[in-house]
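Peer 1: What follows is target-v9.cif, made up of mmCIF, C-alpha atoms; chains and numbers go by the auth columns:
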data_my_file
#
loop_
_atom_site.group_PDB
_atom_site.id
_atom_site.type_symbol
_atom_site.label_atom_id
_atom_site.label_comp_id
_atom_site.label_asym_id
_atom_site.label_seq_id
_atom_site.Cartn_x
_atom_site.Cartn_y
_atom_site.Cartn_z
_atom_site.B_iso_or_equiv
_atom_site.auth_seq_id
_atom_site.auth_asym_id
ATOM 1 C CA MET A 1 54.259 8.692 30.468 0.00 202 A
ATOM 2 C CA ASN A 2 52.918 10.436 27.343 0.00 203 A
ATOM 3 C CA LYS A 3 54.700 7.874 25.186 0.00 204 A
ATOM 4 C CA LEU A 4 52.941 5.100 27.109 0.00 205 A
ATOM 5 C CA PHE A 5 49.532 6.715 26.467 0.00 206 A
ATOM 6 C CA THR A 6 50.437 7.130 22.790 0.00 207 A
ATOM 7 C CA PHE A 7 51.417 3.458 22.538 0.00 208 A
ATOM 8 C CA ILE A 8 48.139 2.350 24.163 0.00 209 A
ATOM 9 C CA ALA A 9 46.114 4.589 21.811 0.00 210 A
ATOM 10 C CA ILE A 10 47.913 3.244 18.718 0.00 211 A
ATOM 11 C CA THR A 11 47.424 -0.347 19.900 0.00 212 A
ATOM 12 C CA CYS A 12 43.707 0.212 20.506 0.00 213 A
ATOM 13 C CA PHE A 13 43.303 1.830 17.084 0.00 214 A
ATOM 14 C CA ALA A 14 45.004 -1.165 15.460 0.00 215 A
ATOM 15 C CA MET A 15 42.666 -3.529 17.323 0.00 216 A
ATOM 16 C CA TYR A 16 39.679 -1.423 16.198 0.00 217 A
ATOM 17 C CA ALA A 17 40.849 -1.404 12.566 0.00 218 A
ATOM 18 C CA SER A 18 41.366 -5.165 12.687 0.00 219 A
ATOM 19 C CA ALA A 19 37.844 -5.648 14.027 0.00 220 A
ATOM 20 C CA GLN A 20 36.471 -3.412 11.286 0.00 221 A
ATOM 21 C CA THR A 21 38.113 -5.413 8.502 0.00 222 A
ATOM 22 C CA SER A 22 36.807 -8.694 9.954 0.00 223 A
ATOM 23 C CA ILE A 23 33.123 -7.753 9.856 0.00 224 A
ATOM 24 C CA PRO A 24 31.333 -10.652 8.131 0.00 225 A
ATOM 25 C CA ASN A 25 30.132 -9.736 4.637 0.00 226 A
ATOM 26 C CA GLY A 26 31.470 -6.209 5.061 0.00 227 A
ATOM 27 C CA GLY A 27 31.523 -5.778 1.285 0.00 228 A
ATOM 28 C CA PHE A 28 27.854 -6.817 0.990 0.00 229 A
ATOM 29 C CA GLU A 29 28.706 -9.423 -1.649 0.00 230 A
ATOM 30 C CA ASP A 30 26.653 -12.227 -0.062 0.00 231 A
ATOM 31 C CA TRP A 31 22.872 -11.928 0.021 0.00 232 A
ATOM 32 C CA THR A 32 19.957 -14.131 1.041 0.00 233 A
ATOM 33 C CA SER A 33 16.686 -14.041 -0.868 0.00 234 A
ATOM 34 C CA SER A 34 13.194 -15.132 0.126 0.00 235 A
ATOM 35 C CA SER A 35 9.827 -14.943 -1.604 0.00 236 A
ATOM 36 C CA ILE A 36 6.584 -13.605 -0.189 0.00 237 A
ATOM 37 C CA GLU A 37 3.038 -13.408 -1.543 0.00 238 A
ATOM 38 C CA TYR A 38 0.319 -10.842 -1.025 0.00 239 A
ATOM 39 C CA PRO A 39 -2.916 -9.793 -2.774 0.00 240 A
ATOM 40 C CA SER A 40 -2.088 -7.674 -5.809 0.00 241 A
ATOM 41 C CA TYR A 41 -2.249 -3.884 -5.277 0.00 242 A
ATOM 42 C CA TYR A 42 -2.107 -4.240 -1.462 0.00 243 A
ATOM 43 C CA ILE A 43 1.504 -3.147 -1.429 0.00 244 A
ATOM 44 C CA ASN A 44 1.700 -2.395 2.299 0.00 245 A
ATOM 45 C CA ASN A 45 1.272 -5.623 4.222 0.00 246 A
ATOM 46 C CA SER A 46 2.566 -7.640 7.149 0.00 247 A
ATOM 47 C CA ASN A 47 4.400 -10.181 4.965 0.00 248 A
ATOM 48 C CA ILE A 48 6.849 -7.507 3.830 0.00 249 A
ATOM 49 C CA GLU A 49 7.400 -6.410 7.437 0.00 250 A
ATOM 50 C CA ALA A 50 7.781 -10.021 8.632 0.00 251 A
ATOM 51 C CA SER A 51 10.335 -10.783 5.915 0.00 252 A
ATOM 52 C CA MET A 52 12.404 -7.719 6.829 0.00 253 A
ATOM 53 C CA LYS A 53 12.407 -8.822 10.487 0.00 254 A
ATOM 54 C CA GLY A 54 13.198 -12.456 9.676 0.00 255 A
ATOM 55 C CA PHE A 55 9.800 -13.802 10.796 0.00 256 A
ATOM 56 C CA PRO A 56 7.436 -16.222 9.022 0.00 257 A
ATOM 57 C CA SER A 57 4.596 -14.773 6.963 0.00 258 A
ATOM 58 C CA ASN A 58 1.386 -13.998 8.844 0.00 259 A
ATOM 59 C CA LEU A 59 -0.611 -13.079 5.724 0.00 260 A
ATOM 60 C CA VAL A 60 -1.586 -16.283 3.923 0.00 261 A
ATOM 61 C CA LYS A 61 -3.218 -17.092 0.588 0.00 262 A
ATOM 62 C CA SER A 62 -5.985 -19.341 1.899 0.00 263 A
ATOM 63 C CA THR A 63 -8.034 -21.785 -0.173 0.00 264 A
ATOM 64 C CA ASP A 64 -10.773 -21.573 2.468 0.00 265 A
ATOM 65 C CA ALA A 65 -12.633 -19.075 0.282 0.00 266 A
ATOM 66 C CA TYR A 66 -16.198 -17.799 0.399 0.00 267 A
ATOM 67 C CA HIS A 67 -16.214 -17.396 -3.392 0.00 268 A
ATOM 68 C CA GLY A 68 -13.665 -18.271 -6.051 0.00 269 A
ATOM 69 C CA ILE A 69 -10.407 -19.980 -5.128 0.00 270 A
ATOM 70 C CA TYR A 70 -8.629 -17.733 -2.625 0.00 271 A
ATOM 71 C CA ALA A 71 -9.250 -15.681 0.492 0.00 272 A
ATOM 72 C CA VAL A 72 -6.875 -13.719 2.735 0.00 273 A
ATOM 73 C CA GLN A 73 -5.919 -15.023 6.172 0.00 274 A
ATOM 74 C CA LEU A 74 -4.351 -12.577 8.655 0.00 275 A
ATOM 75 C CA THR A 75 -2.945 -13.686 12.024 0.00 276 A
ATOM 76 C CA SER A 76 -1.603 -11.813 15.066 0.00 277 A
ATOM 77 C CA VAL A 77 1.653 -13.152 16.567 0.00 278 A
ATOM 78 C CA VAL A 78 2.482 -11.626 19.951 0.00 279 A
ATOM 79 C CA ALA A 79 5.967 -13.190 20.132 0.00 280 A
ATOM 80 C CA ASN A 80 6.908 -11.265 16.975 0.00 281 A
ATOM 81 C CA ASP A 81 5.019 -8.132 18.085 0.00 282 A
ATOM 82 C CA MET A 82 3.062 -8.256 14.827 0.00 283 A
ATOM 83 C CA PHE A 83 -0.538 -8.386 13.691 0.00 284 A
ATOM 84 C CA GLY A 84 -1.603 -9.387 10.197 0.00 285 A
ATOM 85 C CA TYR A 85 -2.551 -6.485 7.934 0.00 286 A
ATOM 86 C CA LEU A 86 -2.774 -5.228 4.365 0.00 287 A
ATOM 87 C CA TYR A 87 -3.778 -1.994 2.627 0.00 288 A
ATOM 88 C CA ASN A 88 -3.544 -0.594 -0.880 0.00 289 A
ATOM 89 C CA SER A 89 -1.418 2.502 -0.268 0.00 290 A
ATOM 90 C CA PRO A 90 2.344 3.088 -0.372 0.00 291 A
ATOM 91 C CA SER A 91 2.148 5.359 2.695 0.00 292 A
ATOM 92 C CA GLN A 92 3.249 4.232 6.148 0.00 293 A
ATOM 93 C CA SER A 93 1.818 7.236 7.976 0.00 294 A
ATOM 94 C CA ASP A 94 -1.463 7.693 9.852 0.00 295 A
ATOM 95 C CA PRO A 95 -4.569 6.635 7.882 0.00 296 A
ATOM 96 C CA ASP A 96 -5.736 10.220 7.303 0.00 297 A
ATOM 97 C CA GLN A 97 -2.399 10.873 5.549 0.00 298 A
ATOM 98 C CA TRP A 98 -2.485 7.842 3.242 0.00 299 A
ATOM 99 C CA THR A 99 -1.892 8.447 -0.453 0.00 300 A
ATOM 100 C CA GLY A 100 -2.565 6.398 -3.570 0.00 301 A
ATOM 101 C CA GLY A 101 -5.303 3.796 -3.412 0.00 302 A
ATOM 102 C CA ALA A 102 -7.639 2.482 -6.098 0.00 303 A
ATOM 103 C CA PRO A 103 -9.057 5.031 -8.581 0.00 304 A
ATOM 104 C CA ILE A 104 -12.816 5.241 -8.198 0.00 305 A
ATOM 105 C CA VAL A 105 -15.819 6.536 -10.165 0.00 306 A
ATOM 106 C CA GLY A 106 -18.950 7.354 -8.175 0.00 307 A
ATOM 107 C CA THR A 107 -19.728 7.891 -4.509 0.00 308 A
ATOM 108 C CA PRO A 108 -19.549 4.763 -2.333 0.00 309 A
ATOM 109 C CA THR A 109 -21.997 4.426 0.541 0.00 310 A
ATOM 110 C CA GLY A 110 -20.268 1.632 2.461 0.00 311 A
ATOM 111 C CA ILE A 111 -18.201 -1.544 2.358 0.00 312 A
ATOM 112 C CA ARG A 112 -19.298 -5.160 2.585 0.00 313 A
ATOM 113 C CA GLY A 113 -17.759 -8.609 2.434 0.00 314 A
ATOM 114 C CA TYR A 114 -17.520 -11.952 4.184 0.00 315 A
ATOM 115 C CA TYR A 115 -15.345 -12.926 7.113 0.00 316 A
ATOM 116 C CA LYS A 116 -14.413 -15.533 9.694 0.00 317 A
ATOM 117 C CA TYR A 117 -12.857 -14.730 13.065 0.00 318 A
ATOM 118 C CA ASN A 118 -11.716 -16.870 15.977 0.00 319 A
ATOM 119 C CA VAL A 119 -11.635 -14.699 19.110 0.00 320 A
ATOM 120 C CA ALA A 120 -14.689 -14.637 21.361 0.00 321 A
ATOM 121 C CA SER A 121 -13.578 -11.620 23.424 0.00 322 A
ATOM 122 C CA GLY A 122 -10.644 -9.333 24.109 0.00 323 A
ATOM 123 C CA ASP A 123 -9.751 -8.560 20.504 0.00 324 A
ATOM 124 C CA THR A 124 -11.426 -7.351 17.321 0.00 325 A
ATOM 125 C CA ALA A 125 -10.430 -7.231 13.682 0.00 326 A
ATOM 126 C CA THR A 126 -10.175 -3.771 12.100 0.00 327 A
ATOM 127 C CA VAL A 127 -11.399 -2.325 8.799 0.00 328 A
ATOM 128 C CA ILE A 128 -10.309 1.173 7.731 0.00 329 A
ATOM 129 C CA VAL A 129 -11.548 3.017 4.646 0.00 330 A
ATOM 130 C CA SER A 130 -10.006 6.319 3.548 0.00 331 A
ATOM 131 C CA CYS A 131 -11.770 8.242 0.762 0.00 332 A
ATOM 132 C CA ARG A 132 -9.596 10.832 -0.966 0.00 333 A
ATOM 133 C CA LYS A 133 -9.899 13.601 -3.531 0.00 334 A
ATOM 134 C CA ASN A 134 -7.105 15.666 -5.061 0.00 335 A
ATOM 135 C CA GLY A 135 -4.685 14.209 -2.531 0.00 336 A
ATOM 136 C CA ASN A 136 -6.792 15.101 0.519 0.00 337 A
ATOM 137 C CA SER A 137 -8.945 12.988 2.818 0.00 338 A
ATOM 138 C CA ILE A 138 -12.675 13.687 2.461 0.00 339 A
ATOM 139 C CA GLY A 139 -13.850 10.839 4.669 0.00 340 A
ATOM 140 C CA MET A 140 -12.269 8.176 6.868 0.00 341 A
ATOM 141 C CA TYR A 141 -14.213 5.303 8.404 0.00 342 A
ATOM 142 C CA LEU A 142 -13.234 2.776 11.056 0.00 343 A
ATOM 143 C CA PHE A 143 -15.085 -0.481 11.731 0.00 344 A
ATOM 144 C CA ASN A 144 -14.476 -3.462 14.003 0.00 345 A
ATOM 145 C CA MET A 145 -15.678 -7.035 13.826 0.00 346 A
ATOM 146 C CA GLY A 146 -15.017 -9.866 16.227 0.00 347 A
ATOM 147 C CA GLY A 147 -16.481 -12.879 17.938 0.00 348 A
ATOM 148 C CA ASN A 148 -16.011 -16.576 17.370 0.00 349 A
ATOM 149 C CA VAL A 149 -17.275 -16.758 13.770 0.00 350 A
ATOM 150 C CA SER A 150 -16.514 -20.191 12.320 0.00 351 A
ATOM 151 C CA ASN A 151 -18.614 -19.860 9.142 0.00 352 A
ATOM 152 C CA TYR A 152 -18.366 -17.086 6.588 0.00 353 A
ATOM 153 C CA THR A 153 -20.597 -14.237 7.736 0.00 354 A
ATOM 154 C CA LEU A 154 -21.600 -11.048 5.937 0.00 355 A
ATOM 155 C CA PHE A 155 -20.380 -7.691 7.206 0.00 356 A
ATOM 156 C CA ASP A 156 -22.079 -4.659 5.690 0.00 357 A
ATOM 157 C CA PHE A 157 -20.866 -1.303 7.029 0.00 358 A
ATOM 158 C CA GLU A 158 -22.421 2.017 6.041 0.00 359 A
ATOM 159 C CA PHE A 159 -20.350 5.181 5.786 0.00 360 A
ATOM 160 C CA GLN A 160 -21.595 7.555 8.492 0.00 361 A
ATOM 161 C CA PRO A 161 -21.624 10.444 7.956 0.00 362 A
ATOM 162 C CA ALA A 162 -22.185 9.967 4.242 0.00 363 A
ATOM 163 C CA LEU A 163 -19.674 11.408 1.797 0.00 364 A
ATOM 164 C CA MET A 164 -20.611 14.898 0.620 0.00 365 A
ATOM 165 C CA GLU A 165 -18.775 14.524 -2.699 0.00 366 A
ATOM 166 C CA ALA A 166 -17.355 11.792 -4.895 0.00 367 A
ATOM 167 C CA PRO A 167 -13.774 10.715 -4.127 0.00 368 A
ATOM 168 C CA ASP A 168 -11.229 10.065 -6.862 0.00 369 A
ATOM 169 C CA SER A 169 -9.426 7.276 -4.969 0.00 370 A
ATOM 170 C CA ILE A 170 -10.003 4.963 -2.040 0.00 371 A
ATOM 171 C CA VAL A 171 -7.690 3.140 0.372 0.00 372 A
ATOM 172 C CA VAL A 172 -8.928 0.035 2.193 0.00 373 A
ATOM 173 C CA ALA A 173 -7.138 -1.693 5.082 0.00 374 A
ATOM 174 C CA PHE A 174 -7.766 -4.870 7.063 0.00 375 A
ATOM 175 C CA ALA A 175 -6.021 -6.040 10.240 0.00 376 A
ATOM 176 C CA SER A 176 -6.370 -9.118 12.424 0.00 377 A
ATOM 177 C CA SER A 177 -6.492 -7.125 15.678 0.00 378 A
ATOM 178 C CA ASP A 178 -7.625 -3.883 17.321 0.00 379 A
ATOM 179 C CA VAL A 179 -4.747 -1.871 15.879 0.00 380 A
ATOM 180 C CA MET A 180 -6.118 1.617 16.519 0.00 381 A
ATOM 181 C CA ASN A 181 -6.046 0.889 20.255 0.00 382 A
ATOM 182 C CA GLU A 182 -2.684 -0.922 19.954 0.00 383 A
ATOM 183 C CA ARG A 183 -4.173 -4.103 21.398 0.00 384 A
ATOM 184 C CA PHE A 184 -3.935 -7.616 20.012 0.00 385 A
ATOM 185 C CA LEU A 185 -4.084 -11.198 21.240 0.00 386 A
ATOM 186 C CA ASP A 186 -1.842 -14.011 20.098 0.00 387 A
ATOM 187 C CA GLY A 187 -3.446 -16.153 17.423 0.00 388 A
ATOM 188 C CA SER A 188 -6.269 -13.771 16.492 0.00 389 A
ATOM 189 C CA THR A 189 -7.048 -14.869 12.934 0.00 390 A
ATOM 190 C CA LEU A 190 -9.187 -13.102 10.343 0.00 391 A
ATOM 191 C CA LEU A 191 -10.285 -14.564 7.005 0.00 392 A
ATOM 192 C CA ILE A 192 -11.819 -12.141 4.488 0.00 393 A
ATOM 193 C CA ASP A 193 -13.209 -12.578 0.983 0.00 394 A
ATOM 194 C CA SER A 194 -15.510 -11.016 -1.615 0.00 395 A
ATOM 195 C CA ILE A 195 -14.998 -7.394 -0.539 0.00 396 A
ATOM 196 C CA SER A 196 -16.971 -4.732 -2.414 0.00 397 A
ATOM 197 C CA LEU A 197 -17.949 -1.081 -2.090 0.00 398 A
ATOM 198 C CA THR A 198 -21.677 -0.414 -1.975 0.00 399 A
ATOM 199 C CA GLY A 199 -23.413 2.362 -3.917 0.00 400 A
ATOM 200 C CA LEU A 200 -21.263 1.965 -7.052 0.00 401 A
ATOM 201 C CA VAL A 201 -22.259 0.817 -10.529 0.00 402 A
ATOM 202 C CA THR A 202 -18.886 -0.903 -11.014 0.00 403 A
ATOM 203 C CA GLN A 203 -16.118 -1.763 -8.569 0.00 404 A
ATOM 204 C CA PRO A 204 -12.841 0.200 -8.853 0.00 405 A
ATOM 205 C CA ASN A 205 -10.024 -1.049 -11.039 0.00 406 A
ATOM 206 C CA PHE A 206 -7.023 -2.379 -9.107 0.00 407 A
ATOM 207 C CA PHE A 207 -9.254 -3.126 -6.107 0.00 408 A
ATOM 208 C CA ASN A 208 -9.007 -6.943 -6.243 0.00 409 A
ATOM 209 C CA GLY A 209 -11.805 -7.357 -3.718 0.00 410 A
ATOM 210 C CA ASP A 210 -12.164 -11.077 -4.436 0.00 411 A
ATOM 211 C CA PHE A 211 -8.442 -11.601 -3.693 0.00 412 A
ATOM 212 C CA GLU A 212 -7.967 -13.851 -6.702 0.00 413 A
ATOM 213 C CA GLU A 213 -4.916 -11.914 -7.953 0.00 414 A
ATOM 214 C CA TRP A 214 -1.679 -12.358 -6.006 0.00 415 A
ATOM 215 C CA THR A 215 1.800 -10.911 -6.369 0.00 416 A
ATOM 216 C CA THR A 216 5.018 -12.786 -5.594 0.00 417 A
ATOM 217 C CA GLU A 217 7.896 -10.567 -4.524 0.00 418 A
ATOM 218 C CA THR A 218 11.507 -11.517 -3.837 0.00 419 A
ATOM 219 C CA MET A 219 13.050 -9.914 -0.760 0.00 420 A
ATOM 220 C CA TYR A 220 16.830 -9.576 -0.341 0.00 421 A
ATOM 221 C CA SER A 221 18.900 -9.095 2.809 0.00 422 A
ATOM 222 C CA PRO A 222 22.703 -9.042 3.280 0.00 423 A
ATOM 223 C CA ASP A 223 24.113 -12.142 4.959 0.00 424 A
ATOM 224 C CA ARG A 224 25.584 -11.769 8.427 0.00 425 A
ATOM 225 C CA SER A 225 26.952 -14.458 10.713 0.00 426 A
ATOM 226 C CA GLU A 226 27.720 -12.458 13.837 0.00 427 A
ATOM 227 C CA THR A 227 27.944 -8.962 15.258 0.00 428 A
ATOM 228 C CA ILE A 228 31.365 -7.510 16.000 0.00 429 A
ATOM 229 C CA TYR A 229 31.764 -5.219 18.975 0.00 430 A
ATOM 230 C CA CYS A 230 34.845 -3.126 19.597 0.00 431 A
ATOM 231 C CA LYS A 231 35.497 -2.725 23.302 0.00 432 A
ATOM 232 C CA GLN A 232 36.124 0.780 24.505 0.00 433 A
ATOM 233 C CA CYS A 233 39.781 1.469 25.229 0.00 434 A
ATOM 234 C CA TYR A 234 40.622 2.998 28.550 0.00 435 A
ATOM 235 C CA GLN A 235 43.805 4.878 29.368 0.00 436 A
ATOM 236 C CA GLN A 236 45.537 3.494 32.404 0.00 437 A
ATOM 237 C CA GLU A 237 48.445 5.110 34.135 0.00 438 A
ATOM 238 C CA VAL A 238 51.250 2.593 34.658 0.00 439 A
ATOM 239 C CA SER A 239 53.906 3.549 37.114 0.00 440 A
#
Mind turning this structure into structure tokens?
Peer 2:
Amino acid sequence: MNKLFTFIAITCFAMYASAQTSIPNGGFEDWTSSSIEYPSYYINNSNIEASMKGFPSNLVKSTDAYHGIYAVQLTSVVANDMFGYLYNSPSQSDPDQWTGGAPIVGTPTGIRGYYKYNVASGDTATVIVSCRKNGNSIGMYLFNMGGNVSNYTLFDFEFQPALMEAPDSIVVAFASSDVMNERFLDGSTLLIDSISLTGLVTQPNFFNGDFEEWTTETMYSPDRSETIYCKQCYQQEVS
């Protein structure tokens, strides 16, 4: 009987080893590449996430601009469980823990820009501003804007309470839906352009608030044609 169990175990191991050696692209020699675009310096964005998940881009370089040539278009896609977003920080943590951002001189008093939005009710676009100094948050501000806005309209948000000291960097984020409440509607689309910080003599370097500078990045993923499953082997007593 023990010999029978040993034979079954060896056979199952051989089947498992065979399955392991037949995994498609097991040596990771075959790769697929795709290109995405996003506004320069906004290195965390939904196009990178969409590419990693195999979905189409939902952050678009739009020529429907308020000023200049380009604007940013962000769209929520419920089927892909994704909203459009971008922000100029490498961090993927909560906003009060963001790092990096654009270096800044002076004390901003608010943020303004122009937008279009296409949802009359049930969803709102989100703007988040995190002001930082010496690696710590000294002020974080959350704003929403919504409605069926078919023509470019000014938004002009004031930082309340006002900053008590000048930050050394600032992180700005935009999203097509009400992300802080984890709520979004399919097709919610936000266009933004000509973003600036109020209360400053000059806008920060590497801020790109007019969205005229764009970065093209090539994403790579290993090819795979199928998933191999190894069935669990069960010992059976044979009389």
Peer 1: With only C-alpha atoms as the basis for distance, which of A:Asn248, A:Val380, A:Ser322, A:Ala266 is at the shortest distance from Ile396 in chain A?
Peer 2: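 Ranked by minimum distance to Ile396 in chain A, first place goes to A:Ala266.
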Peer 1: As an exercise, work out the distance from CA of Ile244 in chain A to CA of Thr399 in chain A in Å and give it to one decimal place.
Peer 2: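 Between these atoms lies a distance of 23.3 Å.
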Peer 1: Using all atoms listed in the file, find each residue in range 334-435 of chain A having at least one atom no more than 12 Å away from range 271-287 of chain A; report its shortest atom-to-atom pair and that distance in Å (one decimal), rows by chain then rising number, as a tab-separated table.
Peer 2:
residue	atom	partner	partner_atom	distance
A:Tyr353	CA	A:Ala272	CA	11.1
A:Val372	CA	A:Leu287	CA	10.5
A:Val373	CA	A:Leu287	CA	8.4
A:Ala374	CA	A:Leu287	CA	5.7
A:Phe375	CA	A:Tyr286	CA	5.5
A:Ala376	CA	A:Tyr286	CA	4.2
A:Ser377	CA	A:Gly285	CA	5.3
A:Ser378	CA	A:Phe284	CA	6.4
A:Asp379	CA	A:Phe284	CA	9.1
A:Val380	CA	A:Phe284	CA	8.1
A:Met381	CA	A:Phe284	CA	11.8
A:Glu383	CA	A:Phe284	CA	10.0
A:Arg384	CA	A:Phe284	CA	9.5
A:Phe385	CA	A:Ser277	CA	6.9
A:Leu386	CA	A:Ser277	CA	6.7
A:Asp387	CA	A:Val279	CA	4.9
A:Gly388	CA	A:Ser277	CA	5.3
A:Ser389	CA	A:Ser277	CA	5.3
A:Thr390	CA	A:Thr276	CA	4.4
A:Leu391	CA	A:Leu275	CA	5.1
A:Leu392	CA	A:Gln274	CA	4.5
A:Ile393	CA	A:Val273	CA	5.5
A:Asp394	CA	A:Ala272	CA	5.1
A:Ser395	CA	A:Ala272	CA	8.1
A:Ile396	CA	A:Ala272	CA	10.1
A:Asn409	CA	A:Ala272	CA	11.0
A:Gly410	CA	A:Ala272	CA	9.7
A:Asp411	CA	A:Ala272	CA	7.3
A:Phe412	CA	A:Ala272	CA	5.9
A:Glu413	CA	A:Tyr271	CA	5.7
A:Glu414	CA	A:Tyr271	CA	8.7
A:Trp415	CA	A:Tyr271	CA	9.4
Peer 1: May I ask which of the residues A:Asn246, A:Arg333, A:Met253, A:Ala363 is the closest one to Met420 in chain A, counting all atoms listed in the file?
Peer 2: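 Closest to Met420 in chain A, using all atoms listed in the file: A:Met253.
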Peer 1: Could you please determine the separation between CA of Ile339 in chain A and CA of Glu250 in chain A in Å, to one decimal place?
Peer 2: 28.8 Å
Peer 1: To one decimal place in Å, what is the distance between CA of Thr419 in chain A and CA of Asn259 in chain A?
Peer 2: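 Result for CA of Thr419 in chain A versus CA of Asn259 in chain A: 16.4 Å, one decimal.
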Peer 1: Could you pull the residues within 10 Å of Asp297 in chain A, counting all atoms listed in the file, minus those fewer than 3 positions along the same chain, as a VMD selection string?
Peer 2: chain A and resid 294 300 330 to 333 337 to 342
Peer 1: Include C-alpha atoms and write out the residues we just selected as a compact mmCIF listing (two decimals), in the frame of the given file.
Peer 2:
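Listed below is the output, selection20.txt:
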# COMPACT_ATOMS: atom_id res chain seq x y z
CA SER A 294 1.82 7.24 7.98
CA THR A 300 -1.89 8.45 -0.45
CA VAL A 330 -11.55 3.02 4.65
CA SER A 331 -10.01 6.32 3.55
CA CYS A 332 -11.77 8.24 0.76
CA ARG A 333 -9.60 10.83 -0.97
CA ASN A 337 -6.79 15.10 0.52
CA SER A 338 -8.94 12.99 2.82
CA ILE A 339 -12.68 13.69 2.46
CA GLY A 340 -13.85 10.84 4.67
CA MET A 341 -12.27 8.18 6.87
CA TYR A 342 -14.21 5.30 8.40
Peer 1: Just want the 6 Å neighbourhood of range 309-314 of chain A, counted on all atoms listed in the file, with same-chain residues fewer than 5 positions away dropped. Output as a list in words.
Peer 2: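 My list of contacting residues is Leu355, Phe356, Asp357, Phe358, Glu359, Phe360, Ser395, Ile396, Ser397, Leu398, Thr399, Gly400 and Leu401 of chain A.
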Peer 1: Starting from 6 Å padding per side, set up an axis-aligned box that covers all listed atoms of range 387-395 of chain A and hand over centre and edge lengths in Å, one decimal, as JSON.
Peer 2:
{"center_x": -8.7, "center_y": -13.6, "center_z": 9.2, "size_x": 25.7, "size_y": 17.1, "size_z": 33.7}
Peer 1: Using all atoms listed in the file, find the one residue out of A:Asn352, A:Asn245, A:Gln293, A:Thr233 that sits nearest to Tyr318 in chain A.
Peer 2: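 Comparing A:Asn352, A:Asn245, A:Gln293, A:Thr233 against Tyr318 in chain A, the winner is A:Asn352.
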Peer 1: Can you pull out the residues contacting Gly302 in chain A? Cut-off 7 Å, using all atoms listed in the file, and skip same-chain residues under 6 positions away; I want them as a PDB file with C-alpha atoms, in the coordinates of the input.
Peer 2:
ATOM      1  CA  ASN A 289      -3.544  -0.594  -0.880  1.00  0.00           C
ATOM      2  CA  SER A 290      -1.418   2.502  -0.268  1.00  0.00           C
ATOM      3  CA  SER A 370      -9.426   7.276  -4.969  1.00  0.00           C
ATOM      4  CA  ILE A 371     -10.003   4.963  -2.040  1.00  0.00           C
ATOM      5  CA  VAL A 372      -7.690   3.140   0.372  1.00  0.00           C
TER       6      VAL A 372
END
Peer 1: Nearest residue to Asn345 in chain A out of A:Thr264, A:Asp324, A:Ala303, A:Leu364, using only C-alpha atoms?
Peer 2: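 Result for the nearest residue to Asn345 in chain A: A:Asp324.
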